[in-house]
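J.: I have a structure I would like to understand better, so I am pasting it below and will then ask my questions one at a time.
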Amino acid sequence: MISVHVLILLIILFWNYDCHIIPRIEECGLSCSQGIHCKSKPSSGIFNSFCHSAPASLSSMVLKSMKISTVIKCPQGSPCSLHLNIKGTLSLDENIRGLEICSFSLDTQQSQCTNVRFARKKNKILNGKKVQVQFNCFEVNVAQHIYVTVKTVPNYCEVKMSQEYYVEDCRNSDVGKHIPACLAGKLDYNVDRTRKIISVNVSNFLRDQDYYIRLCHKWFTCEDVGQFAVIKGKDSLKSVSLKYSQLLPCLCIEGWLAIPDARRLQLCPFENDTKALWDNIVYNPVTQTLAWEPACPVLVIVNLCRLMKSNDHCEDIQDSSKRFPEKQVKYSRVDTHPRLCMKFTTKQGSWVKCPFAHGEFPAWKMRTAAVADRIQVFFTSQTKAHFSVLVCNRTQLASCESVGMRHSVSVTADWDCTTTSDCTTASSSKKKGERKKIVGGQGCFFSPLILSACSMHTAGGR
């Protein structure tokens with residue numbers, strides 16, 4: 001248990017993080033202690049990257065301290081931006097001509113450097129005097145992880161300071177209100193279930209700035225569902241229509257400003273619409289495998305169950321429970337009984353799906369083989385079935401003219417798999433310019449427990 005005092009301390013820390021005021025500046029620049037003339041210019045950091053041994057007279061403590069903070073620059077008529085405010089203290093020495101200050105972003109792997117130079121004449125006069133240097137022209141992004149270094153010019157190996165720094169994120173009140181990347185806007189939506197369209201209206205975002213909208217499926221990240229839409233800043237109508245295929249609990253609407261590192265606003269309004277998840281049941285009649293795969297992350301217990309005739313209760317089948325599956329749930333050697341079902345249980349309730357109740361999965365297969373002037377037709381069936389075979393001439397791509405009589409066979413249960421059956425074959429003479437389709441028909445039934453473990457042969461003819 002966390003003590004009351006520790007809890008209060010944590011609340012104070014979080015409150016300070018979110019609510020501390022970030023200082024404003026009108027212009028960025030360099031400043032040094034009164035009486036010390038200094039100037040700065042951008043540097044690549046390459047020429048000062050190799051260090052030299054320090055003179056014996058130079059103390060390794062000439063760099064006294066470094067402090068980093070964040071400031072906000074808000075030019076009139078332009079968006080506000082965040083800058084690093086770097087303060088350091090240096091003891092002047094005749095061997096030091098200036099400082100090199102660099103910031104390196106551990107997020108983007110990009111660096112910014114500047115050289116600070118002191119007037120050489122005053123360096124000698126003020127030897128040993130402490131000077132404070134402040135520089136605040138390094139622009140940074142929200143929530144960046146920064147590594148700051150301060151070196152002497154020339155670069156002496158034993159004399160440098162470095163510090164890591166985390167820029168405030170959008171939870172800070174000043175950053176959240178004034179930095180464009182945090183102004184995610186407000187999303188309102190309307191769902192047309194008949195046309196499968198979600199209309200999204202955007203408000204409260206920067207004028208004249210483009211805005212992106214997309215649908216996505218939320219897993220560990222939000223994965224694209226189709227293309228994103230763009231609302232142009234110059235457009236007076238700030239709305240778009242996005243098509244969807246299925247309303248799933250992980251279907252989200254995401255919007256963000258078209259600027260680097262913009263904060264993303266996300267709405268997931270269908271989190272309780274779990275019913276559609278249970279339809280994704282697949283049966284493979286060849287391997288006798290029944291499978292279900294979640295289309296969204298969901299906390300669910302999956303069971304096989306037996307639907308009772310008396311009260312429509314579905315009784316769980318022992319040792320079939322699967323808890324919170326991340327991937328596919330699979331059951332092997334499953335017989336396609338109409339009362340065999342899958343039960344899905346979440347905190348919202350239970351759903352029962354009986355995939356074999358209405359013949360939703362293919363129960364038979366057909367193949368043909370040419371033998372002499374006949375074509376044999378083979379059927380493999382796992383349920384009762386009625387087959388019709390017809391001889392026809394294909395005169396066009398999409399039409400086939402009947403030739404002769406139709407052969408119909410009703411098959412019944414409990415035939416042995418090795419049984420062969422006499423079948424009727426029909427043939428027709430081939431006329432010039434016509435494509436013929438010669439078909440032999442047979443009706444044969446295999447036990448529902450056997451799928452394609454045996455073959456059957458036609459015999460006889462007319």
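The way I read the labels, and the way they are meant: chains A, B, ... in the order of the structure tokens, residue 1 as the first residue of every chain, and ligand 1 as the first ligand shown, with later ones counted on from there.
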At a cut-off of 12 Å, using only C-alpha atoms, what residues contact A:Ile21? Leave out same-chain residues fewer than 6 positions from it and give the result as a short mmCIF file (atom, residue, chain, number, x, y, z; two decimals) with N, CA and C atoms, in the first residue's frame.
T.:
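As a result, result-v5.cif now contains:
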data_model
loop_
_atom_site.label_atom_id
_atom_site.label_comp_id
_atom_site.auth_asym_id
_atom_site.auth_seq_id
_atom_site.Cartn_x
_atom_site.Cartn_y
_atom_site.Cartn_z
N TRP A 15 1.25 17.59 -10.47
CA TRP A 15 0.61 18.89 -10.63
C TRP A 15 1.64 19.92 -11.10
N SER A 69 16.49 24.67 -19.41
CA SER A 69 15.03 24.83 -19.23
C SER A 69 14.39 25.07 -20.60
N THR A 70 13.08 25.24 -20.59
CA THR A 70 12.34 25.48 -21.83
C THR A 70 11.73 26.87 -21.80
N VAL A 71 11.76 27.55 -22.94
CA VAL A 71 11.07 28.83 -23.08
C VAL A 71 10.17 28.77 -24.31
N ILE A 72 9.15 29.62 -24.33
CA ILE A 72 8.22 29.69 -25.46
C ILE A 72 8.42 31.02 -26.18
N GLU A 168 9.00 19.44 -22.20
CA GLU A 168 7.63 19.23 -21.73
C GLU A 168 6.73 18.73 -22.87
N ASN A 172 1.51 19.71 -20.25
CA ASN A 172 1.78 21.01 -19.64
C ASN A 172 0.79 22.03 -20.18
N SER A 173 0.22 22.83 -19.31
CA SER A 173 -0.86 23.74 -19.71
C SER A 173 -0.39 24.76 -20.74
N ASP A 174 0.81 25.33 -20.55
CA ASP A 174 1.32 26.31 -21.51
C ASP A 174 1.59 25.68 -22.88
N VAL A 175 2.23 24.52 -22.86
CA VAL A 175 2.54 23.83 -24.12
C VAL A 175 1.25 23.41 -24.81
N GLY A 176 0.32 22.85 -24.05
CA GLY A 176 -0.93 22.39 -24.64
C GLY A 176 -1.76 23.49 -25.28
N LYS A 177 -1.67 24.70 -24.73
CA LYS A 177 -2.49 25.81 -25.24
C LYS A 177 -1.86 26.53 -26.43
#
J.: Measuring atom to atom with only C-alpha atoms, identify which of A:Pro355, A:Gly255, A:Pro297, A:Gly77 is nearest to A:Tyr283.
T.: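 For A:Tyr283, the nearest of the given residues is A:Pro355.
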J.: Using only C-alpha atoms, which residue out of A:Ala54, A:Lys347, A:Glu27, A:Gln318 lies closest to A:Pro75?
T.: A:Glu27
J.: Taking only stretch 122-214 of chain A into account, list the residues labelled alpha helix (DSSP H) by DSSP (computed from the backbone), as number ranges by chain.
T.: A: 122-125, 173-178
J.: In Å to one decimal, how far is atom CA of A:Leu90 from atom CA of A:Val167?
T.: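 Rounded to one decimal, the two atoms are 24.9 Å apart.
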J.: Considering only C-alpha atoms, state which residue in the set A:Val329, A:Cys305, A:Val140, A:Ala369 is at the smallest distance from A:Trp351.
T.: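 When distances to A:Trp351 are compared using only C-alpha atoms, the smallest one comes from A:Cys305.
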J.: Between stretch 198-300 of chain A and stretch 182-192 of chain A, at 9 Å or less, what are the per-residue closest atom pairs and their distances in Å? Count only C-alpha atoms, order by chain and rising residue number, and return it as CSV.
T.:
residue,atom,partner,partner_atom,distance
A:Ile198,CA,A:Val191,CA,4.6
A:Ser199,CA,A:Asn190,CA,5.2
A:Val200,CA,A:Tyr189,CA,4.4
A:Asn201,CA,A:Asp188,CA,5.1
A:Val202,CA,A:Leu187,CA,4.9
A:Ser203,CA,A:Lys186,CA,5.1
A:Asn204,CA,A:Gly185,CA,4.7
A:Phe205,CA,A:Gly185,CA,4.5
A:Leu206,CA,A:Leu183,CA,7.3
A:Ile253,CA,A:Leu187,CA,8.5
A:Glu254,CA,A:Leu187,CA,8.7
A:Gly255,CA,A:Ala184,CA,7.1
A:Trp256,CA,A:Ala184,CA,5.6
A:Leu257,CA,A:Ala184,CA,6.5
A:Ala262,CA,A:Cys182,CA,6.4
A:Arg263,CA,A:Cys182,CA,5.1
A:Arg264,CA,A:Ala184,CA,6.0
A:Leu265,CA,A:Ala184,CA,5.6
A:Gln266,CA,A:Leu187,CA,8.6
A:Leu267,CA,A:Leu187,CA,7.9
J.: Got a sec to tell me which of stretch 24-259 of chain A DSSP assigns to strand (DSSP E), as a CSV table (one decimal) with C-alpha atoms, in the first residue's frame?
T.:
chain,number,residue,atom,x,y,z
A,24,ARG,CA,8.0,33.7,-22.7
A,25,ILE,CA,10.6,35.3,-25.0
A,30,LEU,CA,22.9,35.1,-26.7
A,31,SER,CA,23.8,37.0,-23.6
A,32,CYS,CA,26.9,37.1,-21.3
A,38,CYS,CA,30.5,37.9,-26.7
A,39,LYS,CA,28.9,36.8,-30.0
A,40,SER,CA,27.7,33.6,-31.5
A,41,LYS,CA,27.4,31.9,-34.9
A,42,PRO,CA,26.0,28.6,-36.1
A,43,SER,CA,28.5,25.7,-36.2
A,63,LEU,CA,33.2,25.1,-16.7
A,64,LYS,CA,31.4,25.5,-13.4
A,65,SER,CA,27.7,24.7,-14.1
A,66,MET,CA,25.0,24.2,-16.7
A,67,LYS,CA,21.3,24.5,-16.3
A,68,ILE,CA,18.7,23.7,-19.0
A,69,SER,CA,15.0,24.8,-19.2
A,70,THR,CA,12.3,25.5,-21.8
A,71,VAL,CA,11.1,28.8,-23.1
A,72,ILE,CA,8.2,29.7,-25.5
A,73,LYS,CA,8.7,32.1,-28.3
A,81,SER,CA,7.5,27.5,-30.7
A,82,LEU,CA,9.6,25.9,-28.0
A,83,HIS,CA,13.3,26.7,-27.4
A,84,LEU,CA,16.0,25.4,-25.1
A,85,ASN,CA,17.3,27.9,-22.6
A,86,ILE,CA,20.9,26.9,-21.8
A,87,LYS,CA,22.8,28.7,-19.0
A,88,GLY,CA,26.4,28.0,-18.2
A,89,THR,CA,29.1,29.4,-16.0
A,90,LEU,CA,32.7,29.6,-17.2
A,91,SER,CA,36.0,30.9,-15.6
A,98,GLY,CA,35.1,30.6,-26.4
A,99,LEU,CA,32.5,27.8,-26.0
A,100,GLU,CA,30.7,25.4,-28.4
A,101,ILE,CA,27.1,24.6,-27.3
A,102,CYS,CA,25.4,21.6,-29.0
A,103,SER,CA,22.0,19.9,-28.7
A,104,PHE,CA,21.4,16.4,-30.0
A,105,SER,CA,17.9,15.0,-30.3
A,111,SER,CA,22.0,18.1,-33.9
A,112,GLN,CA,22.3,21.9,-33.6
A,113,CYS,CA,25.5,23.7,-32.6
A,114,THR,CA,26.6,27.3,-32.0
A,115,ASN,CA,30.0,28.8,-31.3
A,116,VAL,CA,30.3,31.5,-28.6
A,117,ARG,CA,33.4,33.7,-28.9
A,118,PHE,CA,34.7,36.2,-26.3
A,130,LYS,CA,33.5,34.0,-13.8
A,131,VAL,CA,31.2,34.7,-16.8
A,132,GLN,CA,27.6,33.5,-17.2
A,133,VAL,CA,26.5,32.6,-20.7
A,134,GLN,CA,22.9,32.2,-21.7
A,135,PHE,CA,21.7,30.9,-25.2
A,136,ASN,CA,18.1,30.2,-26.2
A,137,CYS,CA,18.0,29.8,-30.0
A,138,PHE,CA,17.8,26.0,-30.3
A,139,GLU,CA,14.2,25.2,-31.4
A,140,VAL,CA,12.9,21.9,-30.1
A,145,HIS,CA,14.6,13.8,-25.5
A,146,ILE,CA,17.7,16.1,-25.8
A,147,TYR,CA,21.4,15.7,-25.0
A,148,VAL,CA,23.2,19.0,-24.5
A,149,THR,CA,27.0,19.4,-24.5
A,150,VAL,CA,29.2,22.4,-23.7
A,151,LYS,CA,32.9,22.3,-24.8
A,152,THR,CA,35.7,24.8,-24.8
A,153,VAL,CA,37.2,26.4,-27.9
A,160,LYS,CA,33.4,19.7,-21.0
A,161,MET,CA,29.9,19.3,-19.6
A,162,SER,CA,26.9,17.3,-20.8
A,163,GLN,CA,23.3,16.8,-19.6
A,164,GLU,CA,20.1,15.1,-20.8
A,165,TYR,CA,16.9,16.9,-20.9
A,166,TYR,CA,13.2,16.1,-21.6
A,186,LYS,CA,-12.1,18.6,-31.7
A,187,LEU,CA,-13.8,15.7,-33.7
A,188,ASP,CA,-17.5,15.2,-34.0
A,189,TYR,CA,-18.8,12.2,-36.1
A,190,ASN,CA,-22.0,10.7,-37.5
A,191,VAL,CA,-22.5,7.1,-38.6
A,192,ASP,CA,-24.6,6.2,-41.7
A,197,ILE,CA,-20.0,5.9,-44.0
A,198,ILE,CA,-18.7,7.9,-41.1
A,199,SER,CA,-18.9,11.7,-41.4
A,200,VAL,CA,-16.3,13.6,-39.4
A,201,ASN,CA,-16.4,17.3,-38.6
A,202,VAL,CA,-13.3,19.0,-37.2
A,203,SER,CA,-13.2,22.2,-35.2
A,211,TYR,CA,-5.7,18.6,-41.1
A,212,TYR,CA,-5.5,14.8,-41.6
A,213,ILE,CA,-8.3,12.3,-40.8
A,214,ARG,CA,-8.2,8.6,-41.0
A,215,LEU,CA,-9.9,5.4,-39.8
A,216,CYS,CA,-7.7,2.8,-38.2
A,217,HIS,CA,-7.8,-0.5,-36.2
A,218,LYS,CA,-6.3,0.0,-32.8
A,222,CYS,CA,-3.5,2.2,-34.9
A,223,GLU,CA,-3.2,0.4,-38.2
A,224,ASP,CA,-4.6,2.1,-41.4
A,229,ALA,CA,-8.5,12.3,-45.9
A,230,VAL,CA,-7.1,15.8,-46.0
A,231,ILE,CA,-9.1,18.9,-44.9
A,239,SER,CA,-15.7,17.8,-42.7
A,240,VAL,CA,-15.0,14.6,-44.5
A,241,SER,CA,-16.8,11.3,-45.2
A,242,LEU,CA,-14.9,8.0,-44.6
A,243,LYS,CA,-16.1,4.6,-45.8
A,251,LEU,CA,-12.3,0.9,-35.2
A,252,CYS,CA,-11.1,4.4,-34.4
A,253,ILE,CA,-11.2,7.9,-35.9
A,254,GLU,CA,-7.8,9.7,-35.8
A,255,GLY,CA,-7.1,13.3,-36.6
A,256,TRP,CA,-3.9,15.5,-36.5
A,257,LEU,CA,-2.5,18.7,-37.9
J.: Leaving out A:Gln348 and any residue of its chain fewer than 4 positions from it, which residues lie within 12 Å of it when counting only C-alpha atoms, given as a PDB file with N, CA, C and O atoms, in the first residue's frame?
T.:
ATOM      1  N   GLU A 271     -16.364   0.760 -29.068  1.00  0.00           N
ATOM      2  CA  GLU A 271     -15.680  -0.203 -28.209  1.00  0.00           C
ATOM      3  C   GLU A 271     -16.612  -1.280 -27.654  1.00  0.00           C
ATOM      4  O   GLU A 271     -16.169  -2.385 -27.348  1.00  0.00           O
ATOM      5  N   ASN A 272     -17.888  -0.979 -27.507  1.00  0.00           N
ATOM      6  CA  ASN A 272     -18.841  -1.958 -26.965  1.00  0.00           C
ATOM      7  C   ASN A 272     -19.564  -2.751 -28.044  1.00  0.00           C
ATOM      8  O   ASN A 272     -20.371  -3.633 -27.727  1.00  0.00           O
ATOM      9  N   ASP A 273     -19.280  -2.444 -29.331  1.00  0.00           N
ATOM     10  CA  ASP A 273     -19.929  -3.179 -30.429  1.00  0.00           C
ATOM     11  C   ASP A 273     -19.119  -4.433 -30.763  1.00  0.00           C
ATOM     12  O   ASP A 273     -18.474  -4.541 -31.798  1.00  0.00           O
ATOM     13  N   THR A 274     -19.168  -5.411 -29.850  1.00  0.00           N
ATOM     14  CA  THR A 274     -18.350  -6.621 -30.015  1.00  0.00           C
ATOM     15  C   THR A 274     -19.042  -7.707 -30.825  1.00  0.00           C
ATOM     16  O   THR A 274     -18.415  -8.695 -31.192  1.00  0.00           O
ATOM     17  N   LYS A 275     -20.320  -7.531 -31.136  1.00  0.00           N
ATOM     18  CA  LYS A 275     -21.082  -8.599 -31.781  1.00  0.00           C
ATOM     19  C   LYS A 275     -20.467  -9.044 -33.101  1.00  0.00           C
ATOM     20  O   LYS A 275     -20.459 -10.234 -33.439  1.00  0.00           O
ATOM     21  N   VAL A 298      -9.401  -8.302 -27.881  1.00  0.00           N
ATOM     22  CA  VAL A 298     -10.595  -8.424 -27.044  1.00  0.00           C
ATOM     23  C   VAL A 298     -10.318  -9.422 -25.926  1.00  0.00           C
ATOM     24  O   VAL A 298      -9.654 -10.445 -26.135  1.00  0.00           O
ATOM     25  N   LEU A 299     -10.792  -9.091 -24.719  1.00  0.00           N
ATOM     26  CA  LEU A 299     -10.690 -10.010 -23.591  1.00  0.00           C
ATOM     27  C   LEU A 299     -11.889 -10.937 -23.645  1.00  0.00           C
ATOM     28  O   LEU A 299     -13.011 -10.568 -23.301  1.00  0.00           O
ATOM     29  N   VAL A 300     -11.681 -12.178 -24.093  1.00  0.00           N
ATOM     30  CA  VAL A 300     -12.778 -13.109 -24.333  1.00  0.00           C
ATOM     31  C   VAL A 300     -12.344 -14.520 -23.955  1.00  0.00           C
ATOM     32  O   VAL A 300     -11.164 -14.882 -24.082  1.00  0.00           O
ATOM     33  N   ILE A 301     -13.303 -15.301 -23.492  1.00  0.00           N
ATOM     34  CA  ILE A 301     -13.098 -16.734 -23.258  1.00  0.00           C
ATOM     35  C   ILE A 301     -13.889 -17.471 -24.333  1.00  0.00           C
ATOM     36  O   ILE A 301     -15.087 -17.222 -24.520  1.00  0.00           O
ATOM     37  N   PHE A 344     -18.681 -17.350 -26.952  1.00  0.00           N
ATOM     38  CA  PHE A 344     -17.757 -16.262 -26.677  1.00  0.00           C
ATOM     39  C   PHE A 344     -18.263 -15.492 -25.459  1.00  0.00           C
ATOM     40  O   PHE A 344     -19.400 -15.004 -25.468  1.00  0.00           O
TER      41      PHE A 344
END
J.: List as number ranges by chain the protein and nucleic acid residues near A:Asn303, meaning an atom at most 12 Å away when only C-alpha atoms are counted, but skip any in the same chain fewer than 5 places from it.
T.: A: 290-292, 314-325, 329-331, 340-346, 350-354
J.: Just to be explicit: take each residue in the selection above, keep C-alpha atoms, and write the result as a short mmCIF file (atom, residue, chain, number, x, y, z; two decimals), in the first residue's frame.
T.:
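So the final result, stored in part07.cif, reads:
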data_model
loop_
_atom_site.label_atom_id
_atom_site.label_comp_id
_atom_site.auth_asym_id
_atom_site.auth_seq_id
_atom_site.Cartn_x
_atom_site.Cartn_y
_atom_site.Cartn_z
CA LEU A 290 -12.70 -25.14 -36.88
CA ALA A 291 -10.99 -21.77 -36.30
CA TRP A 292 -11.78 -18.26 -35.10
CA CYS A 314 -25.36 -24.32 -24.86
CA GLU A 315 -23.50 -26.73 -22.61
CA ASP A 316 -19.71 -26.27 -22.55
CA ILE A 317 -17.63 -29.13 -23.92
CA GLN A 318 -14.95 -30.18 -21.46
CA ASP A 319 -11.33 -29.03 -22.05
CA SER A 320 -12.25 -26.72 -24.95
CA SER A 321 -11.79 -23.39 -23.16
CA LYS A 322 -9.37 -20.80 -24.61
CA ARG A 323 -8.74 -17.67 -22.50
CA PHE A 324 -7.88 -14.24 -23.95
CA PRO A 325 -6.41 -15.41 -27.26
CA VAL A 329 -8.26 -20.15 -31.82
CA LYS A 330 -8.20 -23.54 -33.51
CA TYR A 331 -9.99 -26.85 -32.84
CA LEU A 340 -21.97 -27.93 -32.29
CA CYS A 341 -21.37 -24.25 -31.46
CA MET A 342 -18.75 -21.76 -30.28
CA LYS A 343 -19.42 -19.66 -27.20
CA PHE A 344 -17.76 -16.26 -26.68
CA THR A 345 -17.84 -14.72 -23.19
CA THR A 346 -16.78 -11.13 -22.34
CA SER A 350 -22.04 -14.22 -23.88
CA TRP A 351 -22.68 -14.97 -27.56
CA VAL A 352 -23.22 -18.37 -29.14
CA LYS A 353 -22.49 -19.06 -32.81
CA CYS A 354 -23.46 -22.37 -34.43
#
